[in-house]
Every structure is written in structure tokens, then in C-alpha cells.
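See below for my_file_21.pdb, which holds PDB, N, CA, C and O atoms.
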```pdb
MODEL        1
ATOM      1  N   MET H 981       2.584   1.737 -13.425
ATOM      2  CA  MET H 981       2.006   1.006 -12.305
ATOM      3  C   MET H 981       1.968  -0.478 -12.665
ATOM      4  O   MET H 981       1.564  -0.856 -13.758
ATOM      5  N   SER H 982       2.368  -1.320 -11.749
ATOM      6  CA  SER H 982       2.363  -2.765 -11.960
ATOM      7  C   SER H 982       0.941  -3.294 -12.034
ATOM      8  O   SER H 982       0.007  -2.672 -11.540
ATOM      9  N   GLN H 983       0.821  -4.444 -12.642
ATOM     10  CA  GLN H 983      -0.453  -5.149 -12.674
ATOM     11  C   GLN H 983      -0.302  -6.415 -11.846
ATOM     12  O   GLN H 983       0.725  -7.087 -11.929
ATOM     13  N   PRO H 984      -1.312  -6.758 -11.038
ATOM     14  CA  PRO H 984      -1.198  -7.971 -10.227
ATOM     15  C   PRO H 984      -1.187  -9.228 -11.100
ATOM     16  O   PRO H 984      -1.776  -9.248 -12.175
ATOM     17  N   ASP H 985      -0.499 -10.244 -10.610
ATOM     18  CA  ASP H 985      -0.457 -11.531 -11.303
ATOM     19  C   ASP H 985      -1.736 -12.326 -11.066
ATOM     20  O   ASP H 985      -2.098 -13.186 -11.874
ATOM     21  N   ASP H 986      -2.414 -12.044  -9.950
ATOM     22  CA  ASP H 986      -3.647 -12.746  -9.622
ATOM     23  C   ASP H 986      -4.442 -11.877  -8.653
ATOM     24  O   ASP H 986      -3.908 -10.940  -8.065
ATOM     25  N   ARG H 987      -5.717 -12.216  -8.503
ATOM     26  CA  ARG H 987      -6.600 -11.472  -7.587
ATOM     27  C   ARG H 987      -7.320 -12.445  -6.672
ATOM     28  O   ARG H 987      -7.599 -13.579  -7.048
ATOM     29  N   LEU H 988      -7.627 -11.952  -5.462
ATOM     30  CA  LEU H 988      -8.343 -12.749  -4.469
ATOM     31  C   LEU H 988      -9.391 -11.845  -3.837
ATOM     32  O   LEU H 988      -9.056 -10.822  -3.240
ATOM     33  N   ASP H 989     -10.667 -12.197  -3.991
ATOM     34  CA  ASP H 989     -11.760 -11.396  -3.447
ATOM     35  C   ASP H 989     -12.223 -12.033  -2.140
ATOM     36  O   ASP H 989     -12.838 -13.094  -2.142
ATOM     37  N   LEU H 990     -11.919 -11.370  -1.034
ATOM     38  CA  LEU H 990     -12.275 -11.890   0.285
ATOM     39  C   LEU H 990     -13.288 -10.994   0.992
ATOM     40  O   LEU H 990     -13.388 -11.014   2.215
ATOM     41  N   ARG H 991     -14.049 -10.240   0.211
ATOM     42  CA  ARG H 991     -15.110  -9.435   0.807
ATOM     43  C   ARG H 991     -16.150 -10.376   1.393
ATOM     44  O   ARG H 991     -16.541 -11.355   0.764
ATOM     45  N   GLY H 992     -16.553 -10.078   2.621
ATOM     46  CA  GLY H 992     -17.532 -10.918   3.310
ATOM     47  C   GLY H 992     -16.904 -12.061   4.086
ATOM     48  O   GLY H 992     -17.610 -12.807   4.756
ATOM     49  N   ILE H 993     -15.590 -12.206   4.021
ATOM     50  CA  ILE H 993     -14.881 -13.266   4.745
ATOM     51  C   ILE H 993     -14.294 -12.664   6.021
ATOM     52  O   ILE H 993     -13.658 -11.617   5.990
ATOM     53  N   VAL H 994     -14.491 -13.338   7.147
ATOM     54  CA  VAL H 994     -14.071 -12.804   8.442
ATOM     55  C   VAL H 994     -12.645 -13.206   8.796
ATOM     56  O   VAL H 994     -12.084 -14.147   8.239
ATOM     57  N   CYS H 995     -12.072 -12.462   9.726
ATOM     58  CA  CYS H 995     -10.756 -12.778  10.277
ATOM     59  C   CYS H 995     -10.881 -14.003  11.174
ATOM     60  O   CYS H 995     -11.884 -14.132  11.870
ATOM     61  N   PRO H 996      -9.921 -14.873  11.225
ATOM     62  CA  PRO H 996      -8.650 -14.881  10.516
ATOM     63  C   PRO H 996      -8.687 -15.658   9.202
ATOM     64  O   PRO H 996      -7.653 -15.891   8.596
ATOM     65  N   ILE H 997      -9.869 -16.070   8.748
ATOM     66  CA  ILE H 997      -9.977 -16.862   7.523
ATOM     67  C   ILE H 997      -9.423 -16.104   6.326
ATOM     68  O   ILE H 997      -8.754 -16.684   5.470
ATOM     69  N   ASN H 998      -9.667 -14.789   6.255
ATOM     70  CA  ASN H 998      -9.165 -14.019   5.110
ATOM     71  C   ASN H 998      -7.629 -14.004   5.094
ATOM     72  O   ASN H 998      -7.027 -14.071   4.032
ATOM     73  N   PHE H 999      -7.000 -13.943   6.253
ATOM     74  CA  PHE H 999      -5.537 -14.006   6.318
ATOM     75  C   PHE H 999      -5.042 -15.374   5.862
ATOM     76  O   PHE H 999      -4.101 -15.479   5.064
ATOM     77  N   VAL H1000      -5.680 -16.422   6.333
ATOM     78  CA  VAL H1000      -5.272 -17.789   5.984
ATOM     79  C   VAL H1000      -5.414 -18.025   4.485
ATOM     80  O   VAL H1000      -4.497 -18.553   3.843
ATOM     81  N   ARG H1001      -6.520 -17.607   3.899
ATOM     82  CA  ARG H1001      -6.721 -17.790   2.451
ATOM     83  C   ARG H1001      -5.696 -16.999   1.645
ATOM     84  O   ARG H1001      -5.210 -17.479   0.620
ATOM     85  N   THR H1002      -5.375 -15.786   2.104
ATOM     86  CA  THR H1002      -4.370 -14.981   1.408
ATOM     87  C   THR H1002      -3.019 -15.668   1.457
ATOM     88  O   THR H1002      -2.329 -15.788   0.440
ATOM     89  N   LYS H1003      -2.643 -16.136   2.627
ATOM     90  CA  LYS H1003      -1.341 -16.784   2.785
ATOM     91  C   LYS H1003      -1.258 -18.068   1.949
ATOM     92  O   LYS H1003      -0.242 -18.320   1.291
ATOM     93  N   LEU H1004      -2.316 -18.864   1.938
ATOM     94  CA  LEU H1004      -2.319 -20.090   1.135
ATOM     95  C   LEU H1004      -2.197 -19.769  -0.357
ATOM     96  O   LEU H1004      -1.464 -20.444  -1.085
ATOM     97  N   LYS H1005      -2.892 -18.733  -0.810
ATOM     98  CA  LYS H1005      -2.814 -18.330  -2.222
ATOM     99  C   LYS H1005      -1.396 -17.895  -2.571
ATOM    100  O   LYS H1005      -0.849 -18.291  -3.601
ATOM    101  N   LEU H1006      -0.770 -17.101  -1.706
ATOM    102  CA  LEU H1006       0.594 -16.637  -1.946
ATOM    103  C   LEU H1006       1.578 -17.798  -1.998
ATOM    104  O   LEU H1006       2.525 -17.773  -2.781
ATOM    105  N   GLU H1007       1.375 -18.807  -1.190
ATOM    106  CA  GLU H1007       2.267 -19.968  -1.175
ATOM    107  C   GLU H1007       2.181 -20.760  -2.472
ATOM    108  O   GLU H1007       3.111 -21.471  -2.822
ATOM    109  N   GLN H1008       1.074 -20.629  -3.199
ATOM    110  CA  GLN H1008       0.891 -21.335  -4.469
ATOM    111  C   GLN H1008       1.449 -20.544  -5.652
ATOM    112  O   GLN H1008       1.571 -21.082  -6.748
ATOM    113  N   MET H1009       1.780 -19.280  -5.432
ATOM    114  CA  MET H1009       2.236 -18.411  -6.515
ATOM    115  C   MET H1009       3.760 -18.420  -6.605
ATOM    116  O   MET H1009       4.442 -18.647  -5.606
ATOM    117  N   PRO H1010       4.309 -18.170  -7.794
ATOM    118  CA  PRO H1010       5.766 -18.099  -7.942
ATOM    119  C   PRO H1010       6.363 -16.960  -7.111
ATOM    120  O   PRO H1010       5.691 -15.960  -6.844
ATOM    121  N   ALA H1011       7.616 -17.118  -6.746
ATOM    122  CA  ALA H1011       8.325 -16.081  -5.980
ATOM    123  C   ALA H1011       8.293 -14.760  -6.736
ATOM    124  O   ALA H1011       8.431 -14.724  -7.954
ATOM    125  N   GLY H1012       8.069 -13.670  -6.006
ATOM    126  CA  GLY H1012       8.038 -12.345  -6.600
ATOM    127  C   GLY H1012       6.710 -11.962  -7.217
ATOM    128  O   GLY H1012       6.572 -10.873  -7.755
ATOM    129  N   SER H1013       5.702 -12.837  -7.135
ATOM    130  CA  SER H1013       4.388 -12.549  -7.713
ATOM    131  C   SER H1013       3.662 -11.473  -6.910
ATOM    132  O   SER H1013       3.891 -11.301  -5.717
ATOM    133  N   LEU H1014       2.756 -10.781  -7.596
ATOM    134  CA  LEU H1014       1.959  -9.733  -6.974
ATOM    135  C   LEU H1014       0.501 -10.182  -6.934
ATOM    136  O   LEU H1014      -0.089 -10.489  -7.972
ATOM    137  N   LEU H1015      -0.062 -10.205  -5.733
ATOM    138  CA  LEU H1015      -1.449 -10.618  -5.526
ATOM    139  C   LEU H1015      -2.268  -9.418  -5.081
ATOM    140  O   LEU H1015      -1.885  -8.709  -4.149
ATOM    141  N   GLU H1016      -3.391  -9.183  -5.763
ATOM    142  CA  GLU H1016      -4.330  -8.148  -5.343
ATOM    143  C   GLU H1016      -5.399  -8.805  -4.483
ATOM    144  O   GLU H1016      -6.006  -9.792  -4.900
ATOM    145  N   VAL H1017      -5.616  -8.262  -3.291
ATOM    146  CA  VAL H1017      -6.586  -8.828  -2.352
ATOM    147  C   VAL H1017      -7.626  -7.763  -2.021
ATOM    148  O   VAL H1017      -7.281  -6.627  -1.696
ATOM    149  N   TRP H1018      -8.889  -8.154  -2.116
ATOM    150  CA  TRP H1018     -10.000  -7.279  -1.736
ATOM    151  C   TRP H1018     -10.477  -7.707  -0.359
ATOM    152  O   TRP H1018     -10.754  -8.881  -0.123
ATOM    153  N   LEU H1019     -10.557  -6.733   0.555
ATOM    154  CA  LEU H1019     -10.980  -6.990   1.933
ATOM    155  C   LEU H1019     -12.073  -6.011   2.334
ATOM    156  O   LEU H1019     -12.156  -4.901   1.811
ATOM    157  N   ASP H1020     -12.868  -6.409   3.317
ATOM    158  CA  ASP H1020     -13.828  -5.493   3.917
ATOM    159  C   ASP H1020     -13.066  -4.473   4.759
ATOM    160  O   ASP H1020     -12.005  -4.772   5.318
ATOM    161  N   ALA H1021     -13.625  -3.280   4.858
ATOM    162  CA  ALA H1021     -13.056  -2.263   5.755
ATOM    163  C   ALA H1021     -13.244  -2.741   7.199
ATOM    164  O   ALA H1021     -13.967  -3.694   7.464
ATOM    165  N   GLY H1022     -12.571  -2.082   8.113
ATOM    166  CA  GLY H1022     -12.680  -2.450   9.516
ATOM    167  C   GLY H1022     -11.617  -3.465   9.900
ATOM    168  O   GLY H1022     -10.461  -3.345   9.481
ATOM    169  N   GLU H1023     -12.006  -4.459  10.675
ATOM    170  CA  GLU H1023     -11.044  -5.433  11.201
ATOM    171  C   GLU H1023     -10.193  -6.110  10.123
ATOM    172  O   GLU H1023      -8.977  -6.212  10.291
ATOM    173  N   PRO H1024     -10.762  -6.573   8.993
ATOM    174  CA  PRO H1024      -9.906  -7.198   7.985
ATOM    175  C   PRO H1024      -8.789  -6.287   7.487
ATOM    176  O   PRO H1024      -7.637  -6.696   7.414
ATOM    177  N   VAL H1025      -9.099  -5.032   7.182
ATOM    178  CA  VAL H1025      -8.078  -4.110   6.688
ATOM    179  C   VAL H1025      -7.095  -3.737   7.796
ATOM    180  O   VAL H1025      -5.933  -3.464   7.532
ATOM    181  N   GLU H1026      -7.562  -3.755   9.031
ATOM    182  CA  GLU H1026      -6.677  -3.437  10.158
ATOM    183  C   GLU H1026      -5.754  -4.606  10.499
ATOM    184  O   GLU H1026      -4.614  -4.396  10.902
ATOM    185  N   GLN H1027      -6.223  -5.833  10.344
ATOM    186  CA  GLN H1027      -5.475  -6.997  10.803
ATOM    187  C   GLN H1027      -4.665  -7.712   9.723
ATOM    188  O   GLN H1027      -3.526  -8.093   9.956
ATOM    189  N   VAL H1028      -5.256  -7.928   8.569
ATOM    190  CA  VAL H1028      -4.612  -8.762   7.537
ATOM    191  C   VAL H1028      -3.284  -8.179   7.051
ATOM    192  O   VAL H1028      -2.279  -8.903   7.019
ATOM    193  N   PRO H1029      -3.201  -6.883   6.686
ATOM    194  CA  PRO H1029      -1.906  -6.371   6.228
ATOM    195  C   PRO H1029      -0.796  -6.517   7.273
ATOM    196  O   PRO H1029       0.319  -6.916   6.948
ATOM    197  N   ASP H1030      -1.103  -6.211   8.536
ATOM    198  CA  ASP H1030      -0.093  -6.341   9.594
ATOM    199  C   ASP H1030       0.335  -7.793   9.769
ATOM    200  O   ASP H1030       1.523  -8.074   9.936
ATOM    201  N   SER H1031      -0.607  -8.708   9.723
ATOM    202  CA  SER H1031      -0.271 -10.135   9.870
ATOM    203  C   SER H1031       0.605 -10.612   8.722
ATOM    204  O   SER H1031       1.555 -11.367   8.935
ATOM    205  N   LEU H1032       0.312 -10.157   7.506
ATOM    206  CA  LEU H1032       1.126 -10.538   6.353
ATOM    207  C   LEU H1032       2.537  -9.965   6.455
ATOM    208  O   LEU H1032       3.514 -10.647   6.142
ATOM    209  N   ARG H1033       2.647  -8.722   6.902
ATOM    210  CA  ARG H1033       3.974  -8.118   7.085
ATOM    211  C   ARG H1033       4.798  -8.900   8.102
ATOM    212  O   ARG H1033       5.996  -9.117   7.908
ATOM    213  N   LEU H1034       4.157  -9.315   9.190
ATOM    214  CA  LEU H1034       4.849 -10.110  10.205
ATOM    215  C   LEU H1034       5.342 -11.439   9.647
ATOM    216  O   LEU H1034       6.328 -11.993  10.126
ATOM    217  N   GLU H1035       4.665 -11.937   8.618
ATOM    218  CA  GLU H1035       5.052 -13.196   7.983
ATOM    219  C   GLU H1035       6.135 -12.985   6.917
ATOM    220  O   GLU H1035       6.606 -13.943   6.317
ATOM    221  N   GLY H1036       6.493 -11.724   6.651
ATOM    222  CA  GLY H1036       7.568 -11.439   5.715
ATOM    223  C   GLY H1036       7.136 -11.027   4.315
ATOM    224  O   GLY H1036       7.961 -10.922   3.418
ATOM    225  N   TYR H1037       5.845 -10.771   4.127
ATOM    226  CA  TYR H1037       5.351 -10.360   2.819
ATOM    227  C   TYR H1037       5.385  -8.845   2.687
ATOM    228  O   TYR H1037       5.184  -8.122   3.663
ATOM    229  N   GLY H1038       5.625  -8.364   1.473
ATOM    230  CA  GLY H1038       5.535  -6.938   1.191
ATOM    231  C   GLY H1038       4.085  -6.577   0.935
ATOM    232  O   GLY H1038       3.420  -7.224   0.124
ATOM    233  N   VAL H1039       3.573  -5.571   1.633
ATOM    234  CA  VAL H1039       2.156  -5.213   1.541
ATOM    235  C   VAL H1039       2.014  -3.723   1.254
ATOM    236  O   VAL H1039       2.685  -2.901   1.871
ATOM    237  N   GLU H1040       1.123  -3.405   0.314
ATOM    238  CA  GLU H1040       0.788  -2.015   0.022
ATOM    239  C   GLU H1040      -0.726  -1.879   0.024
ATOM    240  O   GLU H1040      -1.418  -2.537  -0.764
ATOM    241  N   LEU H1041      -1.237  -1.060   0.937
ATOM    242  CA  LEU H1041      -2.670  -0.789   0.990
ATOM    243  C   LEU H1041      -2.960   0.318  -0.008
ATOM    244  O   LEU H1041      -2.397   1.405   0.073
ATOM    245  N   LEU H1042      -3.799   0.027  -0.987
ATOM    246  CA  LEU H1042      -4.100   0.993  -2.037
ATOM    247  C   LEU H1042      -5.186   1.958  -1.576
ATOM    248  O   LEU H1042      -6.076   1.573  -0.810
ATOM    249  N   PRO H1043      -5.138   3.195  -2.027
ATOM    250  CA  PRO H1043      -6.170   4.151  -1.628
ATOM    251  C   PRO H1043      -7.533   3.709  -2.145
ATOM    252  O   PRO H1043      -7.614   3.082  -3.205
ATOM    253  N   PRO H1044      -8.580   4.027  -1.409
ATOM    254  CA  PRO H1044      -9.926   3.640  -1.873
ATOM    255  C   PRO H1044     -10.272   4.360  -3.167
ATOM    256  O   PRO H1044      -9.936   5.529  -3.343
ATOM    257  N   GLU H1045     -10.910   3.624  -4.062
ATOM    258  CA  GLU H1045     -11.308   4.211  -5.346
ATOM    259  C   GLU H1045     -12.594   5.008  -5.208
ATOM    260  O   GLU H1045     -12.824   5.966  -5.896
ATOM    261  N   THR H1046     -13.456   4.584  -4.325
ATOM    262  CA  THR H1046     -14.736   5.254  -4.087
ATOM    263  C   THR H1046     -15.036   5.154  -2.600
ATOM    264  O   THR H1046     -14.208   4.694  -1.832
ATOM    265  N   GLU H1047     -16.212   5.533  -2.228
ATOM    266  CA  GLU H1047     -16.615   5.460  -0.821
ATOM    267  C   GLU H1047     -17.179   4.075  -0.483
ATOM    268  O   GLU H1047     -18.083   3.960   0.323
ATOM    269  N   GLN H1048     -16.635   3.060  -1.083
ATOM    270  CA  GLN H1048     -17.085   1.695  -0.836
ATOM    271  C   GLN H1048     -16.510   1.187   0.495
ATOM    272  O   GLN H1048     -15.440   1.615   0.902
ATOM    273  N   PRO H1049     -17.194   0.246   1.132
ATOM    274  CA  PRO H1049     -16.694  -0.301   2.403
ATOM    275  C   PRO H1049     -15.661  -1.408   2.178
ATOM    276  O   PRO H1049     -15.531  -2.314   2.994
ATOM    277  N   HIS H1050     -14.945  -1.353   1.079
ATOM    278  CA  HIS H1050     -13.940  -2.359   0.761
ATOM    279  C   HIS H1050     -12.628  -1.673   0.445
ATOM    280  O   HIS H1050     -12.605  -0.537   0.007
ATOM    281  N   ARG H1051     -11.543  -2.410   0.635
ATOM    282  CA  ARG H1051     -10.213  -1.880   0.318
ATOM    283  C   ARG H1051      -9.427  -2.935  -0.443
ATOM    284  O   ARG H1051      -9.640  -4.133  -0.271
ATOM    285  N   ARG H1052      -8.505  -2.446  -1.272
ATOM    286  CA  ARG H1052      -7.598  -3.336  -1.993
ATOM    287  C   ARG H1052      -6.227  -3.238  -1.366
ATOM    288  O   ARG H1052      -5.813  -2.173  -0.920
ATOM    289  N   LEU H1053      -5.536  -4.347  -1.373
ATOM    290  CA  LEU H1053      -4.136  -4.304  -1.019
ATOM    291  C   LEU H1053      -3.387  -5.196  -1.972
ATOM    292  O   LEU H1053      -3.942  -6.124  -2.556
ATOM    293  N   TRP H1054      -2.131  -4.838  -2.195
ATOM    294  CA  TRP H1054      -1.254  -5.641  -3.027
ATOM    295  C   TRP H1054      -0.243  -6.303  -2.120
ATOM    296  O   TRP H1054       0.339  -5.660  -1.241
ATOM    297  N   VAL H1055      -0.066  -7.593  -2.336
ATOM    298  CA  VAL H1055       0.872  -8.373  -1.532
ATOM    299  C   VAL H1055       1.887  -9.002  -2.480
ATOM    300  O   VAL H1055       1.515  -9.683  -3.432
ATOM    301  N   ARG H1056       3.137  -8.774  -2.207
ATOM    302  CA  ARG H1056       4.225  -9.323  -3.022
ATOM    303  C   ARG H1056       4.821 -10.511  -2.293
ATOM    304  O   ARG H1056       5.227 -10.405  -1.140
ATOM    305  N   SER H1057       4.829 -11.661  -2.969
ATOM    306  CA  SER H1057       5.485 -12.826  -2.371
ATOM    307  C   SER H1057       6.994 -12.606  -2.437
ATOM    308  O   SER H1057       7.500 -12.021  -3.397
ATOM    309  N   PRO H1058       7.725 -13.028  -1.417
ATOM    310  CA  PRO H1058       9.161 -12.773  -1.380
ATOM    311  C   PRO H1058       9.893 -13.564  -2.452
ATOM    312  O   PRO H1058       9.427 -14.610  -2.906
ATOM    313  N   GLU H1059      11.040 -13.037  -2.867
ATOM    314  CA  GLU H1059      11.892 -13.728  -3.855
ATOM    315  C   GLU H1059      12.474 -15.013  -3.273
ATOM    316  O   GLU H1059      12.693 -15.962  -3.994
ATOM    317  N   GLN H1060      12.732 -15.000  -1.978
ATOM    318  CA  GLN H1060      13.265 -16.171  -1.292
ATOM    319  C   GLN H1060      12.173 -16.772  -0.425
ATOM    320  O   GLN H1060      11.357 -16.038   0.133
ATOM    321  N   PRO H1061      12.127 -18.106  -0.268
ATOM    322  CA  PRO H1061      11.119 -18.719   0.608
ATOM    323  C   PRO H1061      11.202 -18.186   2.022
ATOM    324  O   PRO H1061      12.283 -17.896   2.532
ATOM    325  N   ILE H1062      10.054 -18.032   2.639
ATOM    326  CA  ILE H1062       9.999 -17.588   4.036
ATOM    327  C   ILE H1062      10.272 -18.785   4.923
ATOM    328  O   ILE H1062       9.648 -19.836   4.784
ATOM    329  N   ALA H1063      11.214 -18.623   5.837
ATOM    330  CA  ALA H1063      11.578 -19.732   6.741
ATOM    331  C   ALA H1063      10.569 -19.919   7.825
ATOM    332  O   ALA H1063       9.847 -19.079   8.195
TER     333      ALA H1063
ENDMDL
END
```
Mind turning this structure into C-alpha cells?
Amino acid sequence: MSQPDDRLDLRGIVCPINFVRTKLKLEQMPAGSLLEVWLDAGEPVEQVPDSLRLEGYGVELLPPETEQPHRRLWVRSPEQPIA
């Protein structure tokens, strides 16, 4: 299993700010980097992964580790810049 290159904890951050912060963080990372993002369940988990996919990022929603109201997702920055 891969290990993320960096982590971003956005629990308690509302949409669309959590999407914007994730995208800005990814833009600062080298191409092909893996970012682990923590989001609240509900709207953030429903909206952020889809928005990132639409922007061209690879997204994997990880299974919950416990019955916590938070979820992790891994986002891979593309090898080529997004136009």
C-alpha cells in the first residue's frame, strides 16, 4: 500500500472551502504526488471527490477505519499539468 506524500485535515471545513484548499495544496505538490485528505462525512465527502475528478485528479475514497463521522480520501496529482 502506498504512503501519502502529504496530509491535509479539513474536518470542520465547509464546502466549497475544503475543495479549494485541497486543490491549492495539490497545485503546490510535485506531479504524481499523493495527498491524503480528511473530510467530514455528508456533503464534503459527497461533493469534494466528484469535484476533484472533474478537475482531472485521481481520487480514491478509503473505507472508514471506525464509525467516525470522517472519511479519508487519497488524491493523486496528475503527471502532466491540468490545462
Query - Residue contacts of stretch 1045-1054 of chain H (7 Å, only C-alpha atoms) excluding same-chain residues fewer than 6 positions away, as a PyMOL selection string - result: chain H and resi 1014-1021+1039
Taking N, CA, C and O atoms for each residue, export the selection above as a JSON list (two decimals), in the frame of the given file.
```
[["chain", "number", "residue", "atom", "x", "y", "z"],
["H", 1014, "LEU", "N", 2.76, -10.78, -7.60],
["H", 1014, "LEU", "CA", 1.96, -9.73, -6.97],
["H", 1014, "LEU", "C", 0.50, -10.18, -6.93],
["H", 1014, "LEU", "O", -0.09, -10.49, -7.97],
["H", 1015, "LEU", "N", -0.06, -10.20, -5.73],
["H", 1015, "LEU", "CA", -1.45, -10.62, -5.53],
["H", 1015, "LEU", "C", -2.27, -9.42, -5.08],
["H", 1015, "LEU", "O", -1.88, -8.71, -4.15],
["H", 1016, "GLU", "N", -3.39, -9.18, -5.76],
["H", 1016, "GLU", "CA", -4.33, -8.15, -5.34],
["H", 1016, "GLU", "C", -5.40, -8.80, -4.48],
["H", 1016, "GLU", "O", -6.01, -9.79, -4.90],
["H", 1017, "VAL", "N", -5.62, -8.26, -3.29],
["H", 1017, "VAL", "CA", -6.59, -8.83, -2.35],
["H", 1017, "VAL", "C", -7.63, -7.76, -2.02],
["H", 1017, "VAL", "O", -7.28, -6.63, -1.70],
["H", 1018, "TRP", "N", -8.89, -8.15, -2.12],
["H", 1018, "TRP", "CA", -10.00, -7.28, -1.74],
["H", 1018, "TRP", "C", -10.48, -7.71, -0.36],
["H", 1018, "TRP", "O", -10.75, -8.88, -0.12],
["H", 1019, "LEU", "N", -10.56, -6.73, 0.56],
["H", 1019, "LEU", "CA", -10.98, -6.99, 1.93],
["H", 1019, "LEU", "C", -12.07, -6.01, 2.33],
["H", 1019, "LEU", "O", -12.16, -4.90, 1.81],
["H", 1020, "ASP", "N", -12.87, -6.41, 3.32],
["H", 1020, "ASP", "CA", -13.83, -5.49, 3.92],
["H", 1020, "ASP", "C", -13.07, -4.47, 4.76],
["H", 1020, "ASP", "O", -12.00, -4.77, 5.32],
["H", 1021, "ALA", "N", -13.62, -3.28, 4.86],
["H", 1021, "ALA", "CA", -13.06, -2.26, 5.76],
["H", 1021, "ALA", "C", -13.24, -2.74, 7.20],
["H", 1021, "ALA", "O", -13.97, -3.69, 7.46],
["H", 1039, "VAL", "N", 3.57, -5.57, 1.63],
["H", 1039, "VAL", "CA", 2.16, -5.21, 1.54],
["H", 1039, "VAL", "C", 2.01, -3.72, 1.25],
["H", 1039, "VAL", "O", 2.68, -2.90, 1.87]]
```
Run DSSP on the backbone and give me the residues of chain H it puts in strand (DSSP E), as a CSV table (one decimal) with N, CA, C and O atoms, in the coordinates of the input.
```csv
chain,number,residue,atom,x,y,z
H,986,ASP,N,-2.4,-12.0,-10.0
H,986,ASP,CA,-3.6,-12.7,-9.6
H,986,ASP,C,-4.4,-11.9,-8.7
H,986,ASP,O,-3.9,-10.9,-8.1
H,987,ARG,N,-5.7,-12.2,-8.5
H,987,ARG,CA,-6.6,-11.5,-7.6
H,987,ARG,C,-7.3,-12.4,-6.7
H,987,ARG,O,-7.6,-13.6,-7.0
H,988,LEU,N,-7.6,-12.0,-5.5
H,988,LEU,CA,-8.3,-12.7,-4.5
H,988,LEU,C,-9.4,-11.8,-3.8
H,988,LEU,O,-9.1,-10.8,-3.2
H,989,ASP,N,-10.7,-12.2,-4.0
H,989,ASP,CA,-11.8,-11.4,-3.4
H,989,ASP,C,-12.2,-12.0,-2.1
H,989,ASP,O,-12.8,-13.1,-2.1
H,1014,LEU,N,2.8,-10.8,-7.6
H,1014,LEU,CA,2.0,-9.7,-7.0
H,1014,LEU,C,0.5,-10.2,-6.9
H,1014,LEU,O,-0.1,-10.5,-8.0
H,1015,LEU,N,-0.1,-10.2,-5.7
H,1015,LEU,CA,-1.4,-10.6,-5.5
H,1015,LEU,C,-2.3,-9.4,-5.1
H,1015,LEU,O,-1.9,-8.7,-4.1
H,1016,GLU,N,-3.4,-9.2,-5.8
H,1016,GLU,CA,-4.3,-8.1,-5.3
H,1016,GLU,C,-5.4,-8.8,-4.5
H,1016,GLU,O,-6.0,-9.8,-4.9
H,1017,VAL,N,-5.6,-8.3,-3.3
H,1017,VAL,CA,-6.6,-8.8,-2.4
H,1017,VAL,C,-7.6,-7.8,-2.0
H,1017,VAL,O,-7.3,-6.6,-1.7
H,1018,TRP,N,-8.9,-8.2,-2.1
H,1018,TRP,CA,-10.0,-7.3,-1.7
H,1018,TRP,C,-10.5,-7.7,-0.4
H,1018,TRP,O,-10.8,-8.9,-0.1
H,1019,LEU,N,-10.6,-6.7,0.6
H,1019,LEU,CA,-11.0,-7.0,1.9
H,1019,LEU,C,-12.1,-6.0,2.3
H,1019,LEU,O,-12.2,-4.9,1.8
H,1020,ASP,N,-12.9,-6.4,3.3
H,1020,ASP,CA,-13.8,-5.5,3.9
H,1020,ASP,C,-13.1,-4.5,4.8
H,1020,ASP,O,-12.0,-4.8,5.3
H,1038,GLY,N,5.6,-8.4,1.5
H,1038,GLY,CA,5.5,-6.9,1.2
H,1038,GLY,C,4.1,-6.6,0.9
H,1038,GLY,O,3.4,-7.2,0.1
H,1039,VAL,N,3.6,-5.6,1.6
H,1039,VAL,CA,2.2,-5.2,1.5
H,1039,VAL,C,2.0,-3.7,1.3
H,1039,VAL,O,2.7,-2.9,1.9
H,1040,GLU,N,1.1,-3.4,0.3
H,1040,GLU,CA,0.8,-2.0,0.0
H,1040,GLU,C,-0.7,-1.9,0.0
H,1040,GLU,O,-1.4,-2.5,-0.8
H,1041,LEU,N,-1.2,-1.1,0.9
H,1041,LEU,CA,-2.7,-0.8,1.0
H,1041,LEU,C,-3.0,0.3,0.0
H,1041,LEU,O,-2.4,1.4,0.1
H,1050,HIS,N,-14.9,-1.4,1.1
H,1050,HIS,CA,-13.9,-2.4,0.8
H,1050,HIS,C,-12.6,-1.7,0.4
H,1050,HIS,O,-12.6,-0.5,0.0
H,1051,ARG,N,-11.5,-2.4,0.6
H,1051,ARG,CA,-10.2,-1.9,0.3
H,1051,ARG,C,-9.4,-2.9,-0.4
H,1051,ARG,O,-9.6,-4.1,-0.3
H,1052,ARG,N,-8.5,-2.4,-1.3
H,1052,ARG,CA,-7.6,-3.3,-2.0
H,1052,ARG,C,-6.2,-3.2,-1.4
H,1052,ARG,O,-5.8,-2.2,-0.9
H,1053,LEU,N,-5.5,-4.3,-1.4
H,1053,LEU,CA,-4.1,-4.3,-1.0
H,1053,LEU,C,-3.4,-5.2,-2.0
H,1053,LEU,O,-3.9,-6.1,-2.6
H,1054,TRP,N,-2.1,-4.8,-2.2
H,1054,TRP,CA,-1.3,-5.6,-3.0
H,1054,TRP,C,-0.2,-6.3,-2.1
H,1054,TRP,O,0.3,-5.7,-1.2
H,1055,VAL,N,-0.1,-7.6,-2.3
H,1055,VAL,CA,0.9,-8.4,-1.5
H,1055,VAL,C,1.9,-9.0,-2.5
H,1055,VAL,O,1.5,-9.7,-3.4
H,1056,ARG,N,3.1,-8.8,-2.2
H,1056,ARG,CA,4.2,-9.3,-3.0
H,1056,ARG,C,4.8,-10.5,-2.3
H,1056,ARG,O,5.2,-10.4,-1.1
```
**Report entry** stretch 1008-1062 of chain H: residues DSSP assigns to alpha helix (DSSP H), reported as a ChimeraX atom specification
**Finding:** /H:1008,1023-1034
Report task. Quick one: apply the PyMOL selection byres (((chain H and resi 1029-1038 and name CA) around 10) and name CA) to the file and drop the selected residues here as a list in words. Result ->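 In the shown coordinates, the PyMOL selection byres (((chain H and resi 1029-1038 and name CA) around 10) and name CA) covers Pro996, Phe999, Val1000, Thr1002, Lys1003, Leu1006, Gly1012, Leu1014, Pro1024, Val1025, Glu1026, Gln1027, Val1028, Val1039, Glu1040, Leu1041, Leu1053, Trp1054, Val1055, Arg1056, Ser1057, Pro1058, Glu1059, Pro1061, Ile1062 and Ala1063 of chain H.
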**Report entry** Interatomic distance, atom O of H:Ile997 to atom O of H:Gly1022 (Å, one decimal)
**Finding:**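 According to the coordinates, atom O of H:Ile997 and atom O of H:Gly1022 are separated by 14.0 Å.
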Query raised in the report: atom CA of H:Leu990 and atom N of H:Gln1008 are how many Å apart?
Result: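 Distance reported for this atom pair: 16.3 Å.
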Report task. Quick one: pull the distance between atom CA of H:Glu1023 and atom N of H:Cys995, Å, one decimal. Result ->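 Atom N of H:Cys995 lies 7.3 Å from atom CA of H:Glu1023.
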